[in-house]
file start_0.cif (mmCIF, N, CA and C atoms)
data_target
loop_
_atom_site.label_atom_id
_atom_site.label_comp_id
_atom_site.auth_asym_id
_atom_site.auth_seq_id
_atom_site.Cartn_x
_atom_site.Cartn_y
_atom_site.Cartn_z
N MET A 1 2.42 23.41 -24.73
CA MET A 1 1.85 22.95 -23.49
C MET A 1 2.94 22.24 -22.68
N SER A 2 3.08 22.62 -21.41
CA SER A 2 4.13 22.02 -20.58
C SER A 2 3.69 20.65 -20.08
N GLN A 3 4.67 19.80 -19.92
CA GLN A 3 4.40 18.45 -19.46
C GLN A 3 4.42 18.41 -17.93
N VAL A 4 3.40 17.82 -17.33
CA VAL A 4 3.32 17.71 -15.88
C VAL A 4 4.01 16.43 -15.47
N SER A 5 4.93 16.56 -14.53
CA SER A 5 5.63 15.40 -14.02
C SER A 5 4.74 14.64 -13.04
N THR A 6 4.85 13.33 -13.04
CA THR A 6 4.06 12.52 -12.11
C THR A 6 4.99 11.66 -11.27
N PRO A 7 4.56 11.33 -10.07
CA PRO A 7 5.37 10.43 -9.25
C PRO A 7 5.40 9.04 -9.88
N ARG A 8 6.44 8.28 -9.57
CA ARG A 8 6.54 6.92 -10.12
C ARG A 8 7.16 6.00 -9.07
N ARG A 9 6.88 4.74 -9.19
CA ARG A 9 7.40 3.76 -8.23
C ARG A 9 8.45 2.87 -8.87
N GLU A 10 9.34 2.38 -8.02
CA GLU A 10 10.44 1.53 -8.47
C GLU A 10 10.69 0.49 -7.38
N THR A 11 10.50 -0.78 -7.70
CA THR A 11 10.74 -1.84 -6.73
C THR A 11 12.25 -2.07 -6.62
N GLN A 12 12.73 -2.13 -5.39
CA GLN A 12 14.15 -2.31 -5.10
C GLN A 12 14.46 -3.80 -4.95
N PRO A 13 15.74 -4.20 -5.12
CA PRO A 13 16.10 -5.62 -5.01
C PRO A 13 15.74 -6.25 -3.66
N ASP A 14 15.69 -5.45 -2.58
CA ASP A 14 15.37 -5.99 -1.25
C ASP A 14 13.86 -6.08 -1.01
N GLY A 15 13.04 -5.75 -2.00
CA GLY A 15 11.59 -5.83 -1.87
C GLY A 15 10.94 -4.51 -1.46
N SER A 16 11.75 -3.55 -1.02
CA SER A 16 11.19 -2.24 -0.69
C SER A 16 10.80 -1.53 -1.98
N VAL A 17 10.06 -0.44 -1.84
CA VAL A 17 9.61 0.32 -3.01
C VAL A 17 10.03 1.77 -2.83
N ARG A 18 10.68 2.30 -3.84
CA ARG A 18 11.06 3.72 -3.86
C ARG A 18 10.05 4.45 -4.73
N ILE A 19 9.50 5.53 -4.18
CA ILE A 19 8.57 6.35 -4.94
C ILE A 19 9.24 7.69 -5.20
N TRP A 20 9.42 7.98 -6.47
CA TRP A 20 10.04 9.24 -6.89
C TRP A 20 8.96 10.31 -6.97
N PHE A 21 9.22 11.46 -6.37
CA PHE A 21 8.25 12.56 -6.36
C PHE A 21 8.24 13.26 -7.72
N ALA A 22 7.14 13.92 -8.03
CA ALA A 22 7.04 14.74 -9.23
C ALA A 22 7.99 15.93 -9.12
N ALA A 23 8.17 16.44 -7.91
CA ALA A 23 9.11 17.54 -7.61
C ALA A 23 9.65 17.28 -6.21
N PRO A 24 10.88 17.71 -5.92
CA PRO A 24 11.45 17.47 -4.59
C PRO A 24 10.55 18.01 -3.47
N ILE A 25 10.57 17.29 -2.34
CA ILE A 25 9.81 17.67 -1.16
C ILE A 25 10.80 17.86 -0.02
N LEU A 26 10.65 18.95 0.73
CA LEU A 26 11.57 19.21 1.83
C LEU A 26 11.39 18.22 2.96
N HIS A 27 12.52 17.76 3.49
CA HIS A 27 12.54 16.89 4.66
C HIS A 27 13.57 17.49 5.60
N HIS A 28 13.08 18.20 6.62
CA HIS A 28 13.96 18.91 7.57
C HIS A 28 14.95 19.81 6.82
N ALA A 29 14.42 20.67 5.97
CA ALA A 29 15.16 21.67 5.19
C ALA A 29 16.03 21.07 4.09
N GLU A 30 15.97 19.79 3.87
CA GLU A 30 16.73 19.14 2.81
C GLU A 30 15.76 18.64 1.73
N PRO A 31 15.91 19.11 0.48
CA PRO A 31 15.01 18.62 -0.56
C PRO A 31 15.32 17.16 -0.89
N LYS A 32 14.27 16.34 -0.94
CA LYS A 32 14.44 14.93 -1.27
C LYS A 32 13.58 14.62 -2.48
N GLY A 33 14.08 13.75 -3.33
CA GLY A 33 13.37 13.40 -4.55
C GLY A 33 12.55 12.13 -4.47
N PHE A 34 12.62 11.42 -3.34
CA PHE A 34 11.91 10.15 -3.25
C PHE A 34 11.63 9.78 -1.79
N VAL A 35 10.77 8.79 -1.63
CA VAL A 35 10.51 8.16 -0.34
C VAL A 35 10.60 6.66 -0.57
N THR A 36 11.09 5.94 0.44
CA THR A 36 11.17 4.49 0.36
C THR A 36 10.23 3.88 1.38
N LEU A 37 9.48 2.88 0.95
CA LEU A 37 8.63 2.11 1.85
C LEU A 37 9.18 0.69 1.91
N ARG A 38 9.44 0.23 3.12
CA ARG A 38 9.96 -1.13 3.29
C ARG A 38 8.79 -2.11 3.37
N GLU A 39 9.10 -3.38 3.20
CA GLU A 39 8.07 -4.41 3.34
C GLU A 39 7.69 -4.59 4.81
N PRO A 40 6.44 -4.92 5.09
CA PRO A 40 6.04 -5.19 6.47
C PRO A 40 6.71 -6.46 7.00
N MET A 41 6.92 -6.50 8.31
CA MET A 41 7.45 -7.69 8.97
C MET A 41 6.30 -8.48 9.56
N ALA A 42 6.50 -9.78 9.73
CA ALA A 42 5.44 -10.66 10.23
C ALA A 42 4.89 -10.19 11.57
N LEU A 43 5.75 -9.86 12.52
CA LEU A 43 5.27 -9.43 13.84
C LEU A 43 4.40 -8.18 13.73
N GLU A 44 4.80 -7.24 12.87
CA GLU A 44 3.99 -6.03 12.67
C GLU A 44 2.62 -6.39 12.11
N SER A 45 2.60 -7.34 11.19
CA SER A 45 1.33 -7.76 10.60
C SER A 45 0.43 -8.39 11.65
N TRP A 46 1.01 -9.17 12.54
CA TRP A 46 0.23 -9.79 13.61
C TRP A 46 -0.31 -8.73 14.57
N GLN A 47 0.50 -7.70 14.81
CA GLN A 47 0.09 -6.66 15.75
C GLN A 47 -0.96 -5.71 15.17
N ILE A 48 -0.76 -5.28 13.92
CA ILE A 48 -1.63 -4.26 13.32
C ILE A 48 -2.75 -4.87 12.49
N GLY A 49 -2.43 -5.89 11.75
CA GLY A 49 -3.42 -6.53 10.89
C GLY A 49 -3.40 -5.99 9.47
N ASP A 50 -4.10 -6.68 8.62
CA ASP A 50 -4.21 -6.34 7.20
C ASP A 50 -5.03 -5.06 7.06
N PRO A 51 -4.61 -4.13 6.19
CA PRO A 51 -5.41 -2.91 6.00
C PRO A 51 -6.71 -3.16 5.23
N VAL A 52 -6.86 -4.34 4.65
CA VAL A 52 -8.11 -4.68 3.96
C VAL A 52 -8.91 -5.63 4.85
N SER A 53 -10.14 -5.25 5.13
CA SER A 53 -11.05 -6.08 5.92
C SER A 53 -12.27 -6.40 5.08
N TYR A 54 -13.19 -7.16 5.65
CA TYR A 54 -14.40 -7.55 4.93
C TYR A 54 -15.63 -7.27 5.78
N ILE A 55 -16.70 -6.88 5.11
CA ILE A 55 -18.02 -6.76 5.73
C ILE A 55 -18.83 -7.92 5.15
N TYR A 56 -19.43 -8.71 6.02
CA TYR A 56 -20.16 -9.89 5.57
C TYR A 56 -21.66 -9.66 5.59
N ASP A 57 -22.33 -10.18 4.56
CA ASP A 57 -23.79 -10.06 4.52
C ASP A 57 -24.42 -11.27 5.21
N ASP A 58 -25.74 -11.34 5.20
CA ASP A 58 -26.47 -12.41 5.89
C ASP A 58 -26.15 -13.80 5.33
N ARG A 59 -25.75 -13.85 4.08
CA ARG A 59 -25.43 -15.14 3.46
C ARG A 59 -23.97 -15.54 3.68
N GLY A 60 -23.20 -14.64 4.30
CA GLY A 60 -21.79 -14.95 4.57
C GLY A 60 -20.83 -14.49 3.48
N TYR A 61 -21.32 -13.74 2.50
CA TYR A 61 -20.45 -13.23 1.45
C TYR A 61 -19.80 -11.93 1.90
N GLY A 62 -18.50 -11.83 1.68
CA GLY A 62 -17.77 -10.67 2.14
C GLY A 62 -17.53 -9.64 1.06
N THR A 63 -17.59 -8.37 1.46
CA THR A 63 -17.25 -7.25 0.60
C THR A 63 -16.01 -6.59 1.19
N PRO A 64 -14.92 -6.52 0.41
CA PRO A 64 -13.70 -5.93 0.96
C PRO A 64 -13.81 -4.41 1.10
N TYR A 65 -13.13 -3.89 2.10
CA TYR A 65 -13.01 -2.44 2.26
C TYR A 65 -11.66 -2.15 2.89
N VAL A 66 -11.14 -0.96 2.65
CA VAL A 66 -9.86 -0.54 3.21
C VAL A 66 -10.13 0.14 4.54
N ASP A 67 -9.53 -0.38 5.59
CA ASP A 67 -9.60 0.23 6.92
C ASP A 67 -8.62 1.41 6.91
N ARG A 68 -9.16 2.63 6.76
CA ARG A 68 -8.33 3.82 6.55
C ARG A 68 -7.38 4.07 7.73
N GLU A 69 -7.82 3.87 8.95
CA GLU A 69 -6.96 4.10 10.12
C GLU A 69 -5.80 3.12 10.13
N ARG A 70 -6.09 1.86 9.82
CA ARG A 70 -5.04 0.85 9.78
C ARG A 70 -4.06 1.13 8.64
N LEU A 71 -4.59 1.57 7.49
CA LEU A 71 -3.73 1.92 6.36
C LEU A 71 -2.78 3.05 6.75
N LEU A 72 -3.28 4.06 7.44
CA LEU A 72 -2.43 5.17 7.87
C LEU A 72 -1.35 4.69 8.84
N GLN A 73 -1.69 3.76 9.73
CA GLN A 73 -0.68 3.18 10.63
C GLN A 73 0.44 2.55 9.82
N TRP A 74 0.05 1.79 8.80
CA TRP A 74 1.04 1.12 7.97
C TRP A 74 1.90 2.13 7.20
N ILE A 75 1.28 3.14 6.64
CA ILE A 75 2.04 4.15 5.89
C ILE A 75 3.09 4.78 6.80
N ARG A 76 2.69 5.19 7.99
CA ARG A 76 3.63 5.82 8.93
C ARG A 76 4.76 4.86 9.32
N LEU A 77 4.44 3.58 9.46
CA LEU A 77 5.43 2.60 9.89
C LEU A 77 6.40 2.22 8.78
N LEU A 78 5.91 2.13 7.56
CA LEU A 78 6.73 1.60 6.46
C LEU A 78 7.59 2.65 5.77
N ILE A 79 7.31 3.93 5.95
CA ILE A 79 8.15 4.97 5.37
C ILE A 79 9.46 5.02 6.17
N VAL A 80 10.58 4.85 5.47
CA VAL A 80 11.85 4.75 6.19
C VAL A 80 12.76 5.97 6.07
N ASP A 81 12.57 6.81 5.09
CA ASP A 81 13.53 7.89 4.89
C ASP A 81 12.86 9.25 4.68
N HIS A 82 11.66 9.39 5.20
CA HIS A 82 10.94 10.65 5.09
C HIS A 82 9.96 10.70 6.25
N ASP A 83 9.18 11.75 6.33
CA ASP A 83 8.20 11.92 7.39
C ASP A 83 6.81 11.86 6.79
N ALA A 84 5.99 10.91 7.24
CA ALA A 84 4.64 10.75 6.69
C ALA A 84 3.80 12.01 6.87
N ASP A 85 3.99 12.72 7.97
CA ASP A 85 3.21 13.94 8.20
C ASP A 85 3.58 15.03 7.20
N ILE A 86 4.85 15.13 6.85
CA ILE A 86 5.28 16.10 5.84
C ILE A 86 4.69 15.71 4.48
N LEU A 87 4.79 14.43 4.13
CA LEU A 87 4.23 13.98 2.85
C LEU A 87 2.72 14.17 2.81
N GLY A 88 2.07 14.01 3.96
CA GLY A 88 0.63 14.16 4.04
C GLY A 88 0.13 15.56 3.76
N ARG A 89 1.02 16.54 3.85
CA ARG A 89 0.62 17.93 3.56
C ARG A 89 0.78 18.29 2.09
N GLU A 90 1.30 17.35 1.31
CA GLU A 90 1.46 17.61 -0.13
C GLU A 90 0.09 17.62 -0.81
N ARG A 91 -0.01 18.35 -1.90
CA ARG A 91 -1.28 18.44 -2.64
C ARG A 91 -1.27 17.60 -3.90
N ASP A 92 -0.38 16.63 -3.96
CA ASP A 92 -0.27 15.76 -5.11
C ASP A 92 -1.02 14.46 -4.82
N LEU A 93 -2.28 14.40 -5.27
CA LEU A 93 -3.08 13.20 -5.01
C LEU A 93 -2.51 11.97 -5.70
N ALA A 94 -1.83 12.14 -6.81
CA ALA A 94 -1.20 11.00 -7.47
C ALA A 94 -0.16 10.37 -6.54
N LEU A 95 0.58 11.19 -5.82
CA LEU A 95 1.55 10.68 -4.84
C LEU A 95 0.83 9.94 -3.72
N SER A 96 -0.25 10.51 -3.25
CA SER A 96 -1.05 9.88 -2.20
C SER A 96 -1.52 8.50 -2.63
N PHE A 97 -2.10 8.42 -3.82
CA PHE A 97 -2.61 7.14 -4.33
C PHE A 97 -1.48 6.13 -4.53
N LEU A 98 -0.33 6.60 -4.99
CA LEU A 98 0.80 5.71 -5.23
C LEU A 98 1.32 5.13 -3.92
N ILE A 99 1.39 5.93 -2.87
CA ILE A 99 1.82 5.43 -1.56
C ILE A 99 0.80 4.42 -1.03
N GLU A 100 -0.49 4.75 -1.11
CA GLU A 100 -1.54 3.83 -0.66
C GLU A 100 -1.45 2.50 -1.40
N GLU A 101 -1.36 2.56 -2.72
CA GLU A 101 -1.33 1.34 -3.53
C GLU A 101 -0.08 0.51 -3.25
N THR A 102 1.02 1.18 -2.92
CA THR A 102 2.24 0.45 -2.58
C THR A 102 2.03 -0.36 -1.31
N VAL A 103 1.47 0.27 -0.27
CA VAL A 103 1.22 -0.44 0.99
C VAL A 103 0.21 -1.57 0.77
N LEU A 104 -0.89 -1.28 0.10
CA LEU A 104 -1.89 -2.32 -0.16
C LEU A 104 -1.29 -3.45 -1.01
N GLY A 105 -0.38 -3.09 -1.91
CA GLY A 105 0.27 -4.08 -2.76
C GLY A 105 1.13 -5.07 -1.99
N PHE A 106 1.80 -4.62 -0.92
CA PHE A 106 2.58 -5.54 -0.09
C PHE A 106 1.68 -6.67 0.42
N PHE A 107 0.48 -6.31 0.88
CA PHE A 107 -0.44 -7.31 1.42
C PHE A 107 -1.06 -8.16 0.31
N ARG A 108 -1.39 -7.54 -0.81
CA ARG A 108 -1.95 -8.27 -1.95
C ARG A 108 -0.94 -9.33 -2.42
N GLN A 109 0.33 -8.95 -2.50
CA GLN A 109 1.37 -9.90 -2.93
C GLN A 109 1.51 -11.05 -1.94
N GLY A 110 1.44 -10.72 -0.65
CA GLY A 110 1.54 -11.77 0.37
C GLY A 110 0.41 -12.78 0.26
N ARG A 111 -0.82 -12.29 0.05
CA ARG A 111 -1.97 -13.19 -0.09
C ARG A 111 -1.86 -14.00 -1.38
N THR A 112 -1.40 -13.39 -2.45
CA THR A 112 -1.28 -14.08 -3.74
C THR A 112 -0.29 -15.23 -3.64
N ARG A 113 0.78 -15.04 -2.88
CA ARG A 113 1.78 -16.10 -2.74
C ARG A 113 1.23 -17.33 -2.02
N LEU A 114 0.14 -17.19 -1.29
CA LEU A 114 -0.46 -18.32 -0.58
C LEU A 114 -1.32 -19.20 -1.47
N ARG A 115 -1.73 -18.69 -2.63
CA ARG A 115 -2.61 -19.44 -3.52
C ARG A 115 -1.81 -20.45 -4.34
N PRO A 116 -2.29 -21.67 -4.40
CA PRO A 116 -1.62 -22.64 -5.26
C PRO A 116 -1.74 -22.22 -6.73
N PRO A 117 -0.73 -22.49 -7.55
CA PRO A 117 -0.77 -22.07 -8.95
C PRO A 117 -1.93 -22.66 -9.73
N SER A 118 -2.50 -23.77 -9.29
CA SER A 118 -3.58 -24.41 -10.04
C SER A 118 -4.92 -23.70 -9.90
N GLU A 119 -5.01 -22.67 -9.07
CA GLU A 119 -6.29 -22.00 -8.86
C GLU A 119 -6.73 -21.14 -10.04
N GLY A 120 -5.88 -20.89 -11.00
CA GLY A 120 -6.29 -20.09 -12.15
C GLY A 120 -5.79 -18.67 -12.07
N SER A 121 -6.26 -17.87 -13.01
CA SER A 121 -5.80 -16.49 -13.12
C SER A 121 -6.51 -15.61 -12.11
N PRO A 122 -5.95 -14.41 -11.82
CA PRO A 122 -6.62 -13.47 -10.90
C PRO A 122 -8.02 -13.10 -11.37
N ALA A 123 -8.26 -13.07 -12.67
CA ALA A 123 -9.59 -12.74 -13.18
C ALA A 123 -10.60 -13.80 -12.75
N GLN A 124 -10.16 -15.05 -12.67
CA GLN A 124 -11.05 -16.13 -12.26
C GLN A 124 -11.25 -16.14 -10.75
N GLU A 125 -10.39 -15.46 -10.00
CA GLU A 125 -10.43 -15.48 -8.54
C GLU A 125 -11.17 -14.29 -7.96
N SER A 126 -12.14 -13.77 -8.71
CA SER A 126 -12.83 -12.56 -8.27
C SER A 126 -13.96 -12.86 -7.29
N ALA A 127 -14.25 -14.13 -7.02
CA ALA A 127 -15.32 -14.45 -6.07
C ALA A 127 -14.93 -13.94 -4.69
N LEU A 128 -15.89 -13.38 -4.00
CA LEU A 128 -15.64 -12.83 -2.67
C LEU A 128 -15.53 -13.94 -1.65
N PRO A 129 -14.71 -13.76 -0.61
CA PRO A 129 -14.55 -14.80 0.40
C PRO A 129 -15.83 -14.97 1.21
N ARG A 130 -16.00 -16.13 1.73
CA ARG A 130 -17.15 -16.42 2.57
C ARG A 130 -16.71 -16.45 4.02
N SER A 131 -17.59 -16.02 4.86
CA SER A 131 -17.34 -16.04 6.30
C SER A 131 -17.42 -17.45 6.82
N ASN A 132 -16.59 -17.77 7.79
CA ASN A 132 -16.65 -19.09 8.42
C ASN A 132 -17.69 -19.13 9.53
N ALA A 133 -18.33 -18.00 9.76
CA ALA A 133 -19.32 -17.92 10.85
C ALA A 133 -20.60 -18.61 10.52
#
call {"tool": "encode", "arguments": {"input": "start_0.cif", "output": "structure tokens"}}
result
Amino acid sequence: MSQVSTPRRETQPDGSVRIWFAAPILHHAEPKGFVTLREPMALESWQIGDPVSYIYDDRGYGTPYVDRERLLQWIRLLIVDHDADILGRERDLALSFLIEETVLGFFRQGRTRLRPPSEGSPAQESALPRSNA
């Protein structure tokens, strides 16, 4: 039985993330083995916003959801050495999920850095945020 190659991610020293493809993907007639996503900049975050939003119920409890249009904006913006439209035509869903999780991870890491260390483990922090409304 042949082994199927899967894409993999590698965090770079500058905070960017390189995603290695399962097989090379053409970029303007040149086969490339990876794509790099850079970290978002503060101004971009202020302009576009977090790709994760919340829907609040009557009691003010929020349920997170991924704003797909905003996520796509981020993917297109953060890819630095490939074309998002070319990658979007690939049929490798594992690559798709890895790119999505990389972008969402940039924001998750940013939010995590804001929490004081005394708040406990991530497992204890599963309570949903409350609306200030």
call {"tool": "closest_residue", "arguments": {"input": "start_0.cif", "among": "A:Thr63, A:Thr6, A:Thr112, A:Ser45", "to": "Leu95 of chain A", "atoms": "all atoms listed in the file"}}
result
A:Thr6
call {"tool": "resolve_selection", "arguments": {"input": "start_0.cif", "expression": "the PyMOL selection byres ((chain A and resi 17-28) around 6)", "output": "ChimeraX atom specification"}}
result
/A:5-12,15-16,29-39
call {"tool": "write_last_selection", "arguments": {"input": "start_0.cif", "atoms": "N, CA and C atoms", "output": "compact mmCIF listing (two decimals), in the coordinates of the input"}}
result
# COMPACT_ATOMS: atom_id res chain seq x y z
N SER A 5 4.93 16.56 -14.53
CA SER A 5 5.63 15.40 -14.02
C SER A 5 4.74 14.64 -13.04
N THR A 6 4.85 13.33 -13.04
CA THR A 6 4.06 12.52 -12.11
C THR A 6 4.99 11.66 -11.27
N PRO A 7 4.56 11.33 -10.07
CA PRO A 7 5.37 10.43 -9.25
C PRO A 7 5.40 9.04 -9.88
N ARG A 8 6.44 8.28 -9.57
CA ARG A 8 6.54 6.92 -10.12
C ARG A 8 7.16 6.00 -9.07
N ARG A 9 6.88 4.74 -9.19
CA ARG A 9 7.40 3.76 -8.23
C ARG A 9 8.45 2.87 -8.87
N GLU A 10 9.34 2.38 -8.02
CA GLU A 10 10.44 1.53 -8.47
C GLU A 10 10.69 0.49 -7.38
N THR A 11 10.50 -0.78 -7.70
CA THR A 11 10.74 -1.84 -6.73
C THR A 11 12.25 -2.07 -6.62
N GLN A 12 12.73 -2.13 -5.39
CA GLN A 12 14.15 -2.31 -5.10
C GLN A 12 14.46 -3.80 -4.95
N GLY A 15 13.04 -5.75 -2.00
CA GLY A 15 11.59 -5.83 -1.87
C GLY A 15 10.94 -4.51 -1.46
N SER A 16 11.75 -3.55 -1.02
CA SER A 16 11.19 -2.24 -0.69
C SER A 16 10.80 -1.53 -1.98
N ALA A 29 14.42 20.67 5.97
CA ALA A 29 15.16 21.67 5.19
C ALA A 29 16.03 21.07 4.09
N GLU A 30 15.97 19.79 3.87
CA GLU A 30 16.73 19.14 2.81
C GLU A 30 15.76 18.64 1.73
N PRO A 31 15.91 19.11 0.48
CA PRO A 31 15.01 18.62 -0.56
C PRO A 31 15.32 17.16 -0.89
N LYS A 32 14.27 16.34 -0.94
CA LYS A 32 14.44 14.93 -1.27
C LYS A 32 13.58 14.62 -2.48
N GLY A 33 14.08 13.75 -3.33
CA GLY A 33 13.37 13.40 -4.55
C GLY A 33 12.55 12.13 -4.47
N PHE A 34 12.62 11.42 -3.34
CA PHE A 34 11.91 10.15 -3.25
C PHE A 34 11.63 9.78 -1.79
N VAL A 35 10.77 8.79 -1.63
CA VAL A 35 10.51 8.16 -0.34
C VAL A 35 10.60 6.66 -0.57
N THR A 36 11.09 5.94 0.44
CA THR A 36 11.17 4.49 0.36
C THR A 36 10.23 3.88 1.38
N LEU A 37 9.48 2.88 0.95
CA LEU A 37 8.63 2.11 1.85
C LEU A 37 9.18 0.69 1.91
N ARG A 38 9.44 0.23 3.12
CA ARG A 38 9.96 -1.13 3.29
C ARG A 38 8.79 -2.11 3.37
N GLU A 39 9.10 -3.38 3.20
CA GLU A 39 8.07 -4.41 3.34
C GLU A 39 7.69 -4.59 4.81
call {"tool": "atom_distance", "arguments": {"input": "start_0.cif", "atom1": "atom N of Leu98 of chain A", "atom2": "atom CA of Gly49 of chain A"}}
result
20.8 Å
call {"tool": "resolve_selection", "arguments": {"input": "start_0.cif", "expression": "the PyMOL selection byres (((chain A and resi 50 and name CA) around 9) and name CA)", "output": "NGL selection string"}}
result
:A and (45-46 or 48-49 or 51-53 or 67 or 70-71 or 104 or 107)
call {"tool": "select_by_dssp", "arguments": {"input": "start_0.cif", "residues": "segment 1-128 of chain A", "states": "strand (DSSP E or B)", "output": "VMD selection string"}}
result
chain A and resid 8 to 11 17 to 27 30 to 37 52 to 56 61 to 66 79
call {"tool": "decode", "arguments": {"input": "start_0.cif", "residues": "segment 27-45 of chain A", "atoms": "N, CA and C atoms", "output": "PDB file, in the first residue's frame"}}
result
ATOM      1  N   HIS A  27       3.112  27.645  -9.707  1.00  0.00           N
ATOM      2  CA  HIS A  27       2.907  29.073  -9.462  1.00  0.00           C
ATOM      3  C   HIS A  27       3.543  29.792 -10.642  1.00  0.00           C
ATOM      4  N   HIS A  28       2.702  30.231 -11.581  1.00  0.00           N
ATOM      5  CA  HIS A  28       3.181  30.874 -12.816  1.00  0.00           C
ATOM      6  C   HIS A  28       4.224  29.993 -13.516  1.00  0.00           C
ATOM      7  N   ALA A  29       3.860  28.744 -13.770  1.00  0.00           N
ATOM      8  CA  ALA A  29       4.659  27.743 -14.482  1.00  0.00           C
ATOM      9  C   ALA A  29       5.876  27.255 -13.696  1.00  0.00           C
ATOM     10  N   GLU A  30       6.033  27.677 -12.470  1.00  0.00           N
ATOM     11  CA  GLU A  30       7.140  27.218 -11.633  1.00  0.00           C
ATOM     12  C   GLU A  30       6.588  26.352 -10.505  1.00  0.00           C
ATOM     13  N   PRO A  31       7.024  25.084 -10.410  1.00  0.00           N
ATOM     14  CA  PRO A  31       6.529  24.249  -9.312  1.00  0.00           C
ATOM     15  C   PRO A  31       7.098  24.725  -7.974  1.00  0.00           C
ATOM     16  N   LYS A  32       6.215  24.878  -6.990  1.00  0.00           N
ATOM     17  CA  LYS A  32       6.644  25.300  -5.658  1.00  0.00           C
ATOM     18  C   LYS A  32       6.205  24.242  -4.659  1.00  0.00           C
ATOM     19  N   GLY A  33       7.026  24.037  -3.657  1.00  0.00           N
ATOM     20  CA  GLY A  33       6.750  23.018  -2.663  1.00  0.00           C
ATOM     21  C   GLY A  33       6.095  23.536  -1.393  1.00  0.00           C
ATOM     22  N   PHE A  34       5.937  24.861  -1.278  1.00  0.00           N
ATOM     23  CA  PHE A  34       5.387  25.407  -0.036  1.00  0.00           C
ATOM     24  C   PHE A  34       4.755  26.777  -0.278  1.00  0.00           C
ATOM     25  N   VAL A  35       4.016  27.223   0.716  1.00  0.00           N
ATOM     26  CA  VAL A  35       3.479  28.582   0.771  1.00  0.00           C
ATOM     27  C   VAL A  35       3.818  29.123   2.156  1.00  0.00           C
ATOM     28  N   THR A  36       4.079  30.420   2.223  1.00  0.00           N
ATOM     29  CA  THR A  36       4.364  31.068   3.497  1.00  0.00           C
ATOM     30  C   THR A  36       3.247  32.049   3.818  1.00  0.00           C
ATOM     31  N   LEU A  37       2.788  32.016   5.056  1.00  0.00           N
ATOM     32  CA  LEU A  37       1.812  32.989   5.539  1.00  0.00           C
ATOM     33  C   LEU A  37       2.494  33.827   6.614  1.00  0.00           C
ATOM     34  N   ARG A  38       2.462  35.136   6.432  1.00  0.00           N
ATOM     35  CA  ARG A  38       3.071  36.032   7.413  1.00  0.00           C
ATOM     36  C   ARG A  38       2.060  36.346   8.512  1.00  0.00           C
ATOM     37  N   GLU A  39       2.558  36.869   9.616  1.00  0.00           N
ATOM     38  CA  GLU A  39       1.670  37.275  10.699  1.00  0.00           C
ATOM     39  C   GLU A  39       0.913  38.545  10.315  1.00  0.00           C
ATOM     40  N   PRO A  40      -0.318  38.707  10.786  1.00  0.00           N
ATOM     41  CA  PRO A  40      -1.061  39.937  10.524  1.00  0.00           C
ATOM     42  C   PRO A  40      -0.411  41.130  11.229  1.00  0.00           C
ATOM     43  N   MET A  41      -0.581  42.307  10.649  1.00  0.00           N
ATOM     44  CA  MET A  41      -0.113  43.545  11.274  1.00  0.00           C
ATOM     45  C   MET A  41      -1.284  44.208  11.990  1.00  0.00           C
ATOM     46  N   ALA A  42      -0.981  45.016  12.992  1.00  0.00           N
ATOM     47  CA  ALA A  42      -2.018  45.660  13.798  1.00  0.00           C
ATOM     48  C   ALA A  42      -2.981  46.473  12.941  1.00  0.00           C
ATOM     49  N   LEU A  43      -2.479  47.298  12.036  1.00  0.00           N
ATOM     50  CA  LEU A  43      -3.356  48.124  11.208  1.00  0.00           C
ATOM     51  C   LEU A  43      -4.310  47.264  10.381  1.00  0.00           C
ATOM     52  N   GLU A  44      -3.804  46.161   9.840  1.00  0.00           N
ATOM     53  CA  GLU A  44      -4.661  45.249   9.070  1.00  0.00           C
ATOM     54  C   GLU A  44      -5.763  44.676   9.955  1.00  0.00           C
ATOM     55  N   SER A  45      -5.407  44.336  11.183  1.00  0.00           N
ATOM     56  CA  SER A  45      -6.395  43.789  12.111  1.00  0.00           C
ATOM     57  C   SER A  45      -7.467  44.822  12.418  1.00  0.00           C
TER      58      SER A  45
END
